[in-house]
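S.K.: The following block contains the structure, expressed as structure tokens.
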Amino acid sequence: MEKSKWKVYPLVVGEAEVGKVLDVFWSLTKDNSKVTVPIMAWLLIPQGEGDPILVDTGFRDAQRCEEVHGLGPHRTKPEWSLEEQLGKHGLALEDIKTVILTHLHYDHAGGCAQFSNAKFIIQRSELQAAAAPLASAFLEIGGGSLFYDRKDIAELIDPLWTQVELIEGDVEVAPGIQCVLYSNTHTPGSQAVYVNTRNGTAIILGDIARNVELNVNQGIPPGLFYDLEATYRAMNRIKKDGDFILPSHDYEVVKEYQSGLPK
């Protein structure tokens with residue numbers, strides 16, 4: 001049976017200023033500059049029967065990103081809200097029945113409470129790591145929880161718990177949509193989303209890689225990871241598997257595919 005085909009739309013739901021050192025493992029780079037990056041969600045629209053799917057939900061609050069997590073400037077605008085971004089595609093928040101979370105960092109899982117009709121697909125290992133992260137409370141950056149926001153995680157455990165669907169490993173969650181576990185890469189339970197499109201496989205990375213040229217094509221892992229070898233092998237597999245590789249903090253991806261992928 002032929003796989004279902006989907007169209008992929010990048011949604012900008014916020015913005016942040018970060019150091020380019022995040023692109024290169026162990027910060028082995030001479031580039032100390034800052035760069036403005038989008039905070040993104042992804043809308044998957046079936047090219048036939050089926051319901052739309054959302055991947056990731058952005059951050060909870062710009063001020064909280066700076067005050068609680070000790071990060072640099074974060075910004076949002078009314079037109080970047082999930083409600084407005086979905087509205088551009090003729091959808092309301094309640095139309096989203098499935099949300100896939102690539103991982104549970106503050107900038108990917110902060111908007112879940114807006115989706116009263118959705119199930120949230122999360123790797124079990126990711127929720128376990130997020131609920132009890134192995135981190136020092138004295139870290140100045142990351143809120144003592146390695147970028148997991150306690151409010152986001154508490155919300156998923158309760159009151160959204162009945163909407164949470166925990167998976168383990170690689171799972172096809174809809175025809176033509178597969179969650180692929182990349183353990184101990186960016187986070188313990190990071191998953192990529194493989195999307196079957198008319199022109200090939202699109203891979204939504206979350207933060208498994210940040211920069212396609214550096215991380216995937218050149219095989220240099222990004223700056224935040226749990227296991228170097230696991231991350232290196234992930235870069236190699238993603239390069240082989242993907243026809244379109246989609247990191248979640250790259251304005252070039254937004255510009256190229258703002259009208260949807262495939263074009």
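Naming works like this for the structure tokens: A, B, ... for the chains as they're shown, residue 1 at the start of each chain, ligands 1 onward in shown order.
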Excluding stretch 130-134 of chain A and residues on its chain fewer than 4 positions from it, collect all residues at most 7 Å away from it, counting only C-alpha atoms, and give them as a PyMOL selection string.

M.R.: chain A and resi 104+126+145+148+153

S.K.: Can I get the selection written as an mmCIF file, in the first residue's frame, with N, CA and C atoms?

M.R.:
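Output below, filename part-v3.cif:
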data_model
loop_
_atom_site.group_PDB
_atom_site.id
_atom_site.type_symbol
_atom_site.label_atom_id
_atom_site.label_comp_id
_atom_site.auth_asym_id
_atom_site.auth_seq_id
_atom_site.Cartn_x
_atom_site.Cartn_y
_atom_site.Cartn_z
ATOM 1 N N LEU A 104 11.188 17.904 25.246
ATOM 2 C CA LEU A 104 10.395 18.693 26.188
ATOM 3 C C LEU A 104 11.111 19.935 26.701
ATOM 4 N N GLU A 126 11.901 10.491 27.413
ATOM 5 C CA GLU A 126 12.016 11.950 27.463
ATOM 6 C C GLU A 126 11.235 12.516 28.638
ATOM 7 N N SER A 145 17.457 22.843 35.512
ATOM 8 C CA SER A 145 16.763 21.659 34.982
ATOM 9 C C SER A 145 17.117 21.373 33.535
ATOM 10 N N TYR A 148 14.565 22.150 30.757
ATOM 11 C CA TYR A 148 13.195 21.693 30.963
ATOM 12 C C TYR A 148 12.511 22.682 31.905
ATOM 13 N N ILE A 153 6.384 20.664 32.307
ATOM 14 C CA ILE A 153 6.358 19.238 32.636
ATOM 15 C C ILE A 153 5.220 18.933 33.603
#

S.K.: Need the shell around A:Ser183: protein/DNA/RNA residues with any atom at most 12 Å away, counting only C-alpha atoms. Skip same-chain ones fewer than 4 positions apart. Format as number ranges by chain?

M.R.: A: 102-103, 123-126, 129, 168-170, 187-192, 208, 225-234

S.K.: Give me, as a PyMOL selection string, the residues of stretch 102-206 of chain A that a backbone DSSP run labels strand (DSSP E or B).

M.R.: chain A and resi 105+119-123+148+164-167+171-174+177-181+191-197+200-204

S.K.: Please dump the current selection as a PDB file, in the first residue's frame; keep C-alpha atoms.

M.R.:
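For reference, again.pdb as written:
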ATOM      1  CA  HIS A 105      12.713  21.701  26.375  1.00  0.00           C
ATOM      2  CA  LYS A 119      -3.160  13.962  22.298  1.00  0.00           C
ATOM      3  CA  PHE A 120       0.524  14.615  22.956  1.00  0.00           C
ATOM      4  CA  ILE A 121       2.954  12.031  21.613  1.00  0.00           C
ATOM      5  CA  ILE A 122       6.149  11.887  23.687  1.00  0.00           C
ATOM      6  CA  GLN A 123       8.901   9.334  24.125  1.00  0.00           C
ATOM      7  CA  TYR A 148      13.195  21.693  30.963  1.00  0.00           C
ATOM      8  CA  VAL A 164      -0.477  12.186  26.878  1.00  0.00           C
ATOM      9  CA  GLU A 165       0.459   9.167  24.763  1.00  0.00           C
ATOM     10  CA  LEU A 166       3.868   7.766  25.701  1.00  0.00           C
ATOM     11  CA  ILE A 167       5.717   5.769  23.059  1.00  0.00           C
ATOM     12  CA  VAL A 171       6.468   4.332  15.970  1.00  0.00           C
ATOM     13  CA  GLU A 172       4.261   5.171  12.989  1.00  0.00           C
ATOM     14  CA  VAL A 173       1.751   7.562  14.559  1.00  0.00           C
ATOM     15  CA  ALA A 174      -0.265   8.187  11.376  1.00  0.00           C
ATOM     16  CA  ILE A 177       4.256   9.917   9.753  1.00  0.00           C
ATOM     17  CA  GLN A 178       6.853   8.160  11.892  1.00  0.00           C
ATOM     18  CA  CYS A 179       8.441   9.183  15.198  1.00  0.00           C
ATOM     19  CA  VAL A 180      12.068   7.979  15.270  1.00  0.00           C
ATOM     20  CA  LEU A 181      13.856   7.838  18.627  1.00  0.00           C
ATOM     21  CA  GLN A 191      12.722  12.048  18.531  1.00  0.00           C
ATOM     22  CA  ALA A 192      12.753  13.133  14.912  1.00  0.00           C
ATOM     23  CA  VAL A 193       9.567  13.163  12.870  1.00  0.00           C
ATOM     24  CA  TYR A 194       9.804  11.484   9.471  1.00  0.00           C
ATOM     25  CA  VAL A 195       7.172  12.821   7.070  1.00  0.00           C
ATOM     26  CA  ASN A 196       6.351  11.219   3.739  1.00  0.00           C
ATOM     27  CA  THR A 197       5.884  13.983   1.152  1.00  0.00           C
ATOM     28  CA  GLY A 200      10.543  12.336  -0.588  1.00  0.00           C
ATOM     29  CA  THR A 201      11.102  12.095   3.151  1.00  0.00           C
ATOM     30  CA  ALA A 202      11.200  15.266   5.245  1.00  0.00           C
ATOM     31  CA  ILE A 203      12.805  14.918   8.678  1.00  0.00           C
ATOM     32  CA  ILE A 204      11.853  17.401  11.406  1.00  0.00           C
TER      33      ILE A 204
END

S.K.: Smallest atom-to-atom distance to A:Gly144: which of A:Cys112, A:Leu101, A:Ala62, A:Val68, using only C-alpha atoms?

M.R.: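 The closest residue to A:Gly144 is A:Val68.
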
S.K.: Provide the atom CA of A:Arg198 to atom CA of A:Gly14 distance in Å, to one decimal place.

M.R.: 28.9 Å

S.K.: Extract the full set of alpha helix (DSSP H) residues from stretch 99-175 of chain A according to DSSP on the backbone, and format it as a list in words.

M.R.: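 Put together, the selection reads Arg124, Ser125, Glu126, Leu127, Gln128, Ala129, Ala130, Ala131, Arg150, Lys151, Asp152, Ile153, Ala154, Glu155, Leu156 and Ile157 of chain A.
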
S.K.: Taking only C-alpha atoms into account, which of A:Phe138, A:Ala113, A:Leu91, A:Asp23 comes nearest A:Gly219?

M.R.: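 The answer is A:Asp23, which sits nearest to A:Gly219.
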
S.K.: Between A:Arg75, A:Glu66, A:Phe244, A:Glu155, which residue has the minimum interatomic distance to A:Gly142, considering only C-alpha atoms?

M.R.: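 For A:Gly142, the nearest of the candidates is A:Glu66.
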
S.K.: Between atom CA of A:Ile238 and atom CA of A:Thr57, what is the spacing in Å?

M.R.: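 According to the coordinates, atom CA of A:Thr57 and atom CA of A:Ile238 are separated by 22.9 Å.
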
S.K.: In terms of the shortest atom-to-atom distance over only C-alpha atoms, which of A:Gly143, A:Gly58, A:Pro262, A:Pro222 is closest to A:Leu22?

M.R.: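 Among the listed residues, the smallest separation from A:Leu22 belongs to A:Pro222.
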